$ cat data-v6.csv   # CSV, C-alpha atoms
chain,number,residue,atom,x,y,z
C,14,MET,CA,85.6,87.3,98.1
C,15,LEU,CA,82.8,88.0,95.7
C,16,ARG,CA,79.3,88.5,97.1
C,17,MET,CA,76.2,89.4,95.0
C,18,PHE,CA,73.1,91.1,96.3
C,19,ASN,CA,69.8,92.2,94.9
C,20,THR,CA,66.7,93.8,96.3
C,21,ILE,CA,63.8,91.3,96.2
C,22,ASN,CA,60.4,92.3,97.5
C,23,GLY,CA,61.8,95.2,99.3
C,24,SER,CA,64.5,93.3,101.1
C,25,VAL,CA,68.2,92.8,100.3
C,26,GLU,CA,69.1,89.2,99.6
C,27,GLN,CA,72.2,87.5,98.5
C,28,ILE,CA,72.1,85.9,95.1
C,29,GLU,CA,74.3,83.3,93.4
C,30,LYS,CA,74.3,84.6,89.8
C,31,ILE,CA,74.9,88.1,88.3
C,32,GLU,CA,71.5,89.7,87.5
C,33,SER,CA,70.3,93.0,86.2
C,34,GLY,CA,70.1,95.5,89.0
C,35,ALA,CA,72.4,93.5,91.2
C,36,TRP,CA,75.2,94.8,93.5
C,37,LEU,CA,78.5,93.0,93.2
C,38,CYS,CA,80.7,93.4,96.3
C,39,LEU,CA,84.4,92.4,95.8
C,40,SER,CA,86.3,92.3,99.1
C,41,GLU,CA,89.9,91.1,99.1
C,42,PRO,CA,89.2,89.7,95.6
C,43,THR,CA,91.3,86.9,94.0
C,44,ASP,CA,92.6,87.2,90.5
C,45,VAL,CA,90.0,84.6,89.4
C,46,GLU,CA,87.1,86.7,90.8
C,47,LEU,CA,88.4,89.8,89.2
C,48,ALA,CA,88.8,88.1,85.8
C,49,THR,CA,85.3,86.6,86.1
C,50,VAL,CA,83.7,90.0,86.9
C,51,ALA,CA,85.6,91.7,84.1
C,52,GLN,CA,84.6,89.1,81.6
C,53,GLN,CA,80.9,89.1,82.5
C,54,THR,CA,80.5,92.9,83.0
C,55,GLY,CA,82.9,94.3,80.3
C,56,ILE,CA,84.8,96.4,82.9
C,57,ASP,CA,88.5,96.8,82.2
C,58,LEU,CA,90.5,94.6,84.5
C,59,ALA,CA,92.9,97.4,85.3
C,60,ASP,CA,90.0,99.5,86.7
C,61,LEU,CA,88.9,96.6,88.9
C,62,ARG,CA,92.4,96.3,90.2
C,63,ALA,CA,92.8,100.1,90.8
C,64,PRO,CA,91.5,100.2,94.4
C,65,LEU,CA,93.7,97.3,95.4
C,66,ASP,CA,96.6,99.8,95.5
C,67,ASP,CA,96.5,101.5,98.9
C,68,GLU,CA,98.1,104.6,97.4
C,69,GLU,CA,95.4,105.0,94.8
C,70,ARG,CA,94.0,108.6,94.8
C,71,SER,CA,90.3,109.5,95.0
C,72,ARG,CA,88.9,110.4,91.6
C,73,VAL,CA,86.0,110.0,89.2
C,74,ASP,CA,86.6,108.3,85.8
C,75,ALA,CA,83.8,108.3,83.2
C,76,GLU,CA,84.3,105.6,80.6
C,77,ASP,CA,82.0,104.7,77.6
C,78,ASP,CA,80.0,102.0,79.3
C,79,TYR,CA,80.6,102.7,83.0
C,80,THR,CA,81.7,105.3,85.6
C,81,MET,CA,84.2,104.5,88.3
C,82,ILE,CA,84.3,106.5,91.6
C,83,ILE,CA,87.2,106.0,94.0
C,84,VAL,CA,87.0,107.4,97.5
C,85,ASP,CA,89.1,106.9,100.6
C,86,ILE,CA,87.4,105.1,103.5
C,87,PRO,CA,88.6,104.7,107.1
C,88,THR,CA,89.8,101.3,108.4
C,89,VAL,CA,91.2,99.8,111.6
C,90,GLU,CA,94.5,97.9,111.7
C,91,GLU,CA,95.6,96.0,114.8
C,92,ARG,CA,99.3,96.4,115.6
C,93,GLY,CA,100.9,95.4,118.9
C,94,GLY,CA,97.6,94.6,120.5
C,95,ARG,CA,96.2,98.1,119.7
C,96,ASP,CA,93.8,99.5,117.1
C,97,TRP,CA,95.3,102.0,114.7
C,98,TYR,CA,93.4,103.9,112.0
C,99,GLU,CA,94.3,104.5,108.4
C,100,THR,CA,92.5,105.0,105.0
C,101,ILE,CA,92.2,102.7,102.0
C,102,PRO,CA,90.5,103.2,98.6
C,103,LEU,CA,87.0,102.0,97.8
C,104,SER,CA,85.9,101.8,94.2
C,105,ILE,CA,82.3,102.2,93.1
C,106,ILE,CA,81.6,101.2,89.5
C,107,ILE,CA,78.3,102.0,87.9
C,108,THR,CA,77.2,100.3,84.7
C,109,GLN,CA,73.8,100.4,82.9
C,110,ASN,CA,72.5,97.3,84.8
C,111,MET,CA,74.4,97.0,88.0
C,112,ILE,CA,76.7,98.5,90.6
C,113,ILE,CA,80.1,97.1,91.7
C,114,THR,CA,82.2,97.9,94.7
C,115,VAL,CA,85.8,96.8,95.0
C,116,CYS,CA,88.0,97.1,98.2
C,117,MET,CA,91.1,95.5,99.4
C,118,GLN,CA,89.4,94.7,102.8
C,119,ASP,CA,86.0,93.6,104.0
C,120,THR,CA,85.1,97.1,105.1
C,121,PRO,CA,82.4,97.7,107.8
C,122,VAL,CA,81.3,100.7,105.7
C,123,LEU,CA,79.3,98.2,103.5
C,124,HIS,CA,78.1,95.8,106.1
C,125,PRO,CA,74.8,97.6,106.9
C,126,PHE,CA,73.9,97.5,103.2
C,127,MET,CA,74.5,93.7,103.1
C,128,GLU,CA,72.4,93.2,106.2
C,129,GLY,CA,69.6,95.4,105.0
C,130,ARG,CA,69.9,97.9,107.9
C,131,ILE,CA,70.0,101.0,105.7
C,132,ARG,CA,66.6,102.6,105.3
C,133,GLY,CA,65.5,103.3,101.7
C,134,PHE,CA,68.4,101.2,100.3
C,135,ASN,CA,67.6,99.6,96.9
C,136,THR,CA,70.2,98.0,94.6
C,137,TYR,CA,68.3,99.4,91.6
C,138,MET,CA,68.7,103.0,92.6
C,139,LYS,CA,72.4,103.3,91.8
C,140,SER,CA,72.8,107.0,92.4
C,141,ARG,CA,71.1,106.9,95.8
C,142,PHE,CA,73.2,103.8,96.6
C,143,ILE,CA,76.4,105.9,96.0
C,144,LEU,CA,75.1,108.8,98.2
C,145,GLN,CA,74.3,106.3,100.9
C,146,ILE,CA,77.8,104.8,100.8
C,147,LEU,CA,79.3,108.3,100.9
C,148,TYR,CA,77.1,109.2,103.8
C,149,ARG,CA,77.9,106.0,105.7
C,150,ASN,CA,81.6,106.7,104.9
C,151,ALA,CA,81.5,110.2,106.4
C,152,THR,CA,79.7,109.0,109.6
C,153,MET,CA,82.5,106.3,110.0
C,154,TYR,CA,85.1,109.1,109.8
C,155,LEU,CA,83.2,111.0,112.5
C,156,ARG,CA,83.0,107.9,114.7
C,157,TYR,CA,86.7,107.1,114.4
C,158,LEU,CA,87.6,110.7,115.0
C,159,ARG,CA,85.6,110.7,118.3
C,160,ILE,CA,87.5,107.5,119.3
C,161,ILE,CA,90.8,109.1,118.5
C,162,ASP,CA,89.8,112.1,120.6
C,163,ARG,CA,89.0,109.9,123.6
C,164,GLU,CA,92.3,108.0,123.1
C,165,SER,CA,94.2,111.3,123.0
C,166,ASP,CA,92.6,112.3,126.3
C,167,ARG,CA,93.7,109.0,127.9
C,168,LEU,CA,97.2,109.6,126.6
C,169,GLU,CA,97.2,113.1,128.1
C,170,LEU,CA,96.4,111.7,131.6
C,171,ARG,CA,99.1,109.0,131.3
C,172,LEU,CA,101.7,111.5,130.1
C,173,ARG,CA,101.1,113.7,133.1
C,174,HIS,CA,102.4,110.9,135.3
C,175,SER,CA,104.7,109.1,132.9
C,176,MET,CA,107.1,110.5,130.3
C,177,GLN,CA,108.0,107.2,128.6
C,178,ASN,CA,108.7,107.0,124.9
C,179,ARG,CA,105.7,104.6,124.4
C,180,GLU,CA,103.1,107.3,125.2
C,181,ILE,CA,104.8,109.9,123.1
C,182,LEU,CA,105.1,107.6,120.1
C,183,MET,CA,101.4,106.7,120.4
C,184,LEU,CA,100.7,110.4,120.4
C,185,LEU,CA,102.7,110.9,117.2
C,186,GLU,CA,100.9,107.9,115.6
C,187,LEU,CA,97.5,109.6,116.3
C,188,SER,CA,98.8,112.8,114.8
C,189,LYS,CA,99.8,110.9,111.7
C,190,THR,CA,96.4,109.3,111.5
C,191,LEU,CA,94.6,112.6,111.6
C,192,VAL,CA,96.8,113.9,108.8
C,193,TYR,CA,95.7,110.9,106.7
C,194,PHE,CA,92.1,111.5,107.6
C,195,THR,CA,92.2,115.1,106.7
C,196,THR,CA,93.9,114.5,103.3
C,197,SER,CA,91.4,111.7,102.5
C,198,LEU,CA,88.3,113.7,103.5
C,199,LYS,CA,89.4,116.7,101.4
C,200,SER,CA,89.9,114.3,98.4
C,201,ASN,CA,86.5,112.9,99.0
C,202,GLU,CA,85.0,116.4,99.0
C,203,ILE,CA,86.5,117.0,95.5
C,204,VAL,CA,84.9,113.8,94.3
C,205,MET,CA,81.5,114.9,95.7
C,206,GLU,CA,81.7,118.2,93.9
C,207,LYS,CA,82.6,116.4,90.6
C,208,LEU,CA,79.6,114.1,90.9
C,209,ASN,CA,77.3,117.0,90.6
C,210,SER,CA,78.8,117.9,87.2
C,211,ILE,CA,78.4,114.4,85.7
C,212,THR,CA,75.3,114.2,83.6
C,213,ARG,CA,75.1,110.4,83.8
C,214,PHE,CA,74.9,110.6,87.6
C,215,LYS,CA,71.1,110.9,87.8
C,216,GLN,CA,69.7,112.0,91.1
C,217,TYR,CA,66.2,111.3,92.3
C,218,PRO,CA,64.3,114.4,93.7
C,219,GLU,CA,64.2,112.9,97.2
C,220,ASP,CA,68.0,112.5,97.1
C,221,GLU,CA,68.7,116.2,97.3
C,222,ASP,CA,68.5,116.2,101.1
C,223,LEU,CA,70.7,113.1,101.2
C,224,LEU,CA,73.3,114.9,99.1
C,225,ASP,CA,73.2,117.9,101.4
C,226,ASP,CA,73.6,115.6,104.4
C,227,VAL,CA,76.6,113.9,102.8
C,228,ILE,CA,78.3,117.2,102.1
C,229,THR,CA,77.6,118.4,105.6
C,230,GLU,CA,78.9,115.3,107.3
C,231,ASN,CA,82.0,115.3,105.2
C,232,LYS,CA,82.7,119.0,106.0
C,233,GLN,CA,82.1,118.3,109.7
C,234,ALA,CA,84.6,115.5,109.6
C,235,ILE,CA,87.1,117.7,108.0
C,236,GLU,CA,86.6,120.4,110.7
C,237,MET,CA,86.9,117.8,113.5
C,238,ALA,CA,90.1,116.3,112.0
C,239,ASN,CA,91.6,119.8,111.7
C,240,ILE,CA,90.7,120.7,115.3
C,241,TYR,CA,92.0,117.4,116.7
C,242,SER,CA,95.2,117.8,114.7
C,243,GLY,CA,95.8,121.2,116.2
C,244,VAL,CA,95.1,120.0,119.7
C,245,LEU,CA,97.4,117.0,119.3
C,246,ALA,CA,100.1,119.3,117.8
C,247,ASN,CA,99.9,121.7,120.8
C,248,MET,CA,99.8,118.7,123.2
C,249,THR,CA,102.9,117.3,121.6
C,250,ASP,CA,104.7,120.6,121.9
C,251,ALA,CA,103.6,121.1,125.5
C,252,PHE,CA,104.8,117.6,126.6
C,253,ALA,CA,108.1,118.1,124.7
C,254,SER,CA,108.6,121.3,126.8
C,255,ILE,CA,107.7,119.3,130.0
C,256,VAL,CA,110.2,116.6,129.1
C,257,SER,CA,112.9,119.2,128.5
C,258,ASN,CA,112.0,120.9,131.8
C,259,ASN,CA,112.2,117.6,133.7
C,260,LEU,CA,115.6,117.0,132.1
C,261,ASN,CA,116.8,120.4,133.3
C,262,ASN,CA,115.6,119.6,136.8
C,263,VAL,CA,117.6,116.4,136.8
C,264,MET,CA,120.7,118.1,135.5
C,265,ARG,CA,120.2,120.8,138.2
C,266,ILE,CA,120.2,118.1,140.9
C,267,PHE,CA,123.3,116.4,139.5
C,268,THR,CA,125.1,119.7,139.2
C,269,ILE,CA,124.5,120.6,142.8
C,270,ILE,CA,125.6,117.1,143.9
C,271,SER,CA,128.7,117.4,141.7
C,272,ILE,CA,129.7,120.8,143.1
C,273,THR,CA,129.0,119.7,146.7
C,274,LEU,CA,131.2,116.6,146.4
C,275,SER,CA,134.0,118.5,144.7
C,276,ILE,CA,134.7,120.4,148.0
C,277,PRO,CA,135.7,117.5,150.2
C,278,THR,CA,137.5,116.0,147.2
C,279,LEU,CA,139.6,119.1,146.8
C,280,ILE,CA,140.4,119.3,150.5
C,281,PHE,CA,141.4,115.7,150.9
C,282,SER,CA,143.4,115.7,147.6
C,283,MET,CA,145.5,118.6,148.9
C,284,TYR,CA,146.1,116.8,152.2
C,285,GLY,CA,147.1,113.8,150.3
C,286,MET,CA,149.9,115.7,148.5
C,287,ASN,CA,151.2,117.8,151.4
C,288,PHE,CA,152.5,116.6,154.7
C,289,GLN,CA,155.1,117.6,157.3
C,290,GLN,CA,158.5,116.3,156.7
C,291,GLY,CA,161.7,117.3,158.5
C,292,GLY,CA,161.6,120.9,159.5
C,293,MET,CA,159.3,122.1,156.7
C,294,LEU,CA,155.8,123.3,157.5
C,295,GLY,CA,153.1,121.1,155.9
C,296,MET,CA,149.4,121.4,155.8
C,297,PRO,CA,147.6,122.7,158.9
C,298,LEU,CA,146.5,120.2,161.5
C,299,THR,CA,148.7,117.4,160.1
C,300,ALA,CA,150.5,117.1,163.4
C,301,ASP,CA,147.5,117.4,165.6
C,302,ARG,CA,146.0,114.3,167.2
C,303,TRP,CA,142.5,115.2,166.1
C,304,GLY,CA,143.5,116.8,162.8
C,305,PHE,CA,141.9,114.2,160.6
C,306,VAL,CA,138.5,114.5,162.4
C,307,ILE,CA,138.7,118.3,162.3
C,308,VAL,CA,139.4,118.3,158.5
C,309,VAL,CA,136.4,115.9,157.9
C,310,VAL,CA,134.1,118.1,160.0
C,311,ILE,CA,135.2,121.2,158.1
C,312,SER,CA,134.7,119.5,154.8
C,313,ILE,CA,131.2,118.4,155.8
C,314,ALA,CA,130.3,121.9,157.1
C,315,LEU,CA,131.6,123.6,153.9
C,316,SER,CA,129.6,121.1,151.8
C,317,ILE,CA,126.4,121.8,153.7
C,318,VAL,CA,126.9,125.6,153.3
C,319,VAL,CA,127.5,125.3,149.6
C,320,THR,CA,124.5,123.0,149.1
C,321,TRP,CA,122.3,125.4,151.0
C,322,PHE,CA,123.6,128.3,148.9
C,323,LEU,CA,123.1,126.5,145.5
C,324,THR,CA,119.6,125.3,146.3
C,325,ARG,CA,118.6,128.9,146.9
C,326,SER,CA,120.5,130.5,144.1
C,327,ARG,CA,118.6,131.8,141.1
C,328,LEU,CA,120.9,130.1,138.7
C,329,PHE,CA,119.6,126.7,139.9
C,330,LYS,CA,115.9,127.4,140.2
$ encode --input "data-v6.csv" --output "structure tokens"
Amino acid sequence: MLRMFNTINGSVEQIEKIESGAWLCLSEPTDVELATVAQQTGIDLADLRAPLDDEERSRVDAEDDYTMIIVDIPTVEERGGRDWYETIPLSIIITQNMIITVCMQDTPVLHPFMEGRIRGFNTYMKSRFILQILYRNATMYLRYLRIIDRESDRLELRLRHSMQNREILMLLELSKTLVYFTTSLKSNEIVMEKLNSITRFKQYPEDEDLLDDVITENKQAIEMANIYSGVLANMTDAFASIVSNNLNNVMRIFTIISITLSIPTLIFSMYGMNFQQGGMLGMPLTADRWGFVIVVVISIALSIVVTWFLTRSRLFK
């Protein structure tokens, strides 16, 4: 989808034709839209297609007529009725007359710009526009990181009462998301550092504070992602130990039951093989009228004594 915007009388309005100072937003673009933009702006079609690869790395490429900046942005993907977070590349291309953004999805990072809700946003001020996008991107990371933190807290409460594979797999999915976030944020930090060394990236004097805010927010997001990753890693190890301990408790119970049942089994198996025949002496109580009852009582008594001993033994605590 190709949408074009321009600042007219201080407000952002959508336009129908490419104009000088316009912003071209390509979201989930078709081949026809990419070819049209490439033909009318002189941008290499391969550069326009670059952010459509979800494995594209963050970087800054300076060509003769334009500069391409690729950063990783957070996005939400619905799987199994739940929201999962990942990162995708966003390309920002600056030419002499306009700015172009390309993304494989209609990202919420750019929605406030389209709706004119960003203070001081002007399509003509390209360098400020880039900094505003980077600032908005860093705040989106922080927002999703807080959501992930709350989700991990809910999982922790559920794991205390349930040790099903579903909760543990969700915990591992969150850990994987944090690894993606940390890697993407560090790559974006390198891009920001490189922007300062590009001479064609002209900054307005009032944008210095904005650049400092962008760097600060990005570093804060990196620190939060590292902290949450450490917490989730420790939580995963702790619950793995709990699962192992619960398994040991179950095996302890089954071992006690198995040893207890082996006593009457042993007694009755011996009585099943030995009996009084002729003048030979067989097993005790075989000739007694109440022999069977006495043997059962003895077996039960021995089982109770063994069970009492095992439940208090250090080997089974």
$ atom_distance --input "data-v6.csv" --atom1 "CA of Leu123 in chain C" --atom2 "CA of Tyr157 in chain C"
15.9 Å
$ atom_distance --input "data-v6.csv" --atom1 "CA of Leu279 in chain C" --atom2 "CA of Phe267 in chain C"
18.1 Å
$ closest_residue --input "data-v6.csv" --among "C:Thr268, C:Ser197, C:Asn259, C:Thr190" --to "Asp96 in chain C" --atoms "all atoms listed in the file"
C:Thr190
$ residues_around --input "data-v6.csv" --residues "range 218-229 of chain C" --least-positions-apart "3" --cutoff "7 Å" --atoms "only C-alpha atoms" --output "number ranges by chain"
C: 141, 144, 147-148, 232-233
$ residues_around --input "data-v6.csv" --residues "Asp77 in chain C" --least-positions-apart "5" --cutoff "12 Å" --atoms "only C-alpha atoms" --output "ChimeraX atom specification"
/C:55-57,107-109,213
$ closest_residue --input "data-v6.csv" --among "C:Ile160, C:Ala151, C:Leu47, C:Leu315" --to "Asp85 in chain C" --atoms "only C-alpha atoms"
C:Ala151
$ residues_around --input "data-v6.csv" --residues "Val50 in chain C" --least-positions-apart "2" --cutoff "12 Å" --atoms "all atoms listed in the file" --output "ChimeraX atom specification"
/C:14-17,30-31,36-39,42-48,52-62,106,111-115
$ closest_residue --input "data-v6.csv" --among "C:Thr152, C:Thr20, C:Glu169, C:Ile272" --to "Val244 in chain C" --atoms "all atoms listed in the file"
C:Glu169
$ residues_near_point --input "data-v6.csv" --point "(90.1, 117.4, 115.1)" --cutoff "10 Å" --atoms "all atoms listed in the file" --output "MDAnalysis selection string"
chainID C and resid 155 158:159 161:162 188 191:192 194:195 233:245
$ residues_around --input "data-v6.csv" --residues "Ser24 in chain C" --least-positions-apart "6" --cutoff "9 Å" --atoms "only C-alpha atoms" --output "list in words"
Gly129, Phe134 and Asn135 of chain C
$ atom_distance --input "data-v6.csv" --atom1 "CA of Glu186 in chain C" --atom2 "CA of Asn231 in chain C"
22.8 Å
$ residues_around --input "data-v6.csv" --residues "Asp67 in chain C" --least-positions-apart "5" --cutoff "12 Å" --atoms "all atoms listed in the file" --output "list in words"
Arg62, Ile83, Val84, Asp85, Ile86, Pro87, Thr88, Glu99, Thr100, Ile101, Pro102, Leu103, Ser104, Cys116, Met117, Gln118 and Ser197 of chain C
$ write_last_selection --input "data-v6.csv" --atoms "C-alpha atoms" --output "PDB file, keeping the file's coordinate frame"
ATOM      1  CA  ARG C  62      92.400  96.300  90.200  1.00  0.00           C
ATOM      2  CA  ILE C  83      87.200 106.000  94.000  1.00  0.00           C
ATOM      3  CA  VAL C  84      87.000 107.400  97.500  1.00  0.00           C
ATOM      4  CA  ASP C  85      89.100 106.900 100.600  1.00  0.00           C
ATOM      5  CA  ILE C  86      87.400 105.100 103.500  1.00  0.00           C
ATOM      6  CA  PRO C  87      88.600 104.700 107.100  1.00  0.00           C
ATOM      7  CA  THR C  88      89.800 101.300 108.400  1.00  0.00           C
ATOM      8  CA  GLU C  99      94.300 104.500 108.400  1.00  0.00           C
ATOM      9  CA  THR C 100      92.500 105.000 105.000  1.00  0.00           C
ATOM     10  CA  ILE C 101      92.200 102.700 102.000  1.00  0.00           C
ATOM     11  CA  PRO C 102      90.500 103.200  98.600  1.00  0.00           C
ATOM     12  CA  LEU C 103      87.000 102.000  97.800  1.00  0.00           C
ATOM     13  CA  SER C 104      85.900 101.800  94.200  1.00  0.00           C
ATOM     14  CA  CYS C 116      88.000  97.100  98.200  1.00  0.00           C
ATOM     15  CA  MET C 117      91.100  95.500  99.400  1.00  0.00           C
ATOM     16  CA  GLN C 118      89.400  94.700 102.800  1.00  0.00           C
ATOM     17  CA  SER C 197      91.400 111.700 102.500  1.00  0.00           C
TER      18      SER C 197
END
$ closest_residue --input "data-v6.csv" --among "C:Thr120, C:Ser271, C:Gln27, C:Ser282" --to "Arg149 in chain C" --atoms "all atoms listed in the file"
C:Thr120
$ closest_residue --input "data-v6.csv" --among "C:Ile131, C:Thr320, C:Leu184, C:Ser33" --to "Ile276 in chain C" --atoms "all atoms listed in the file"
C:Thr320
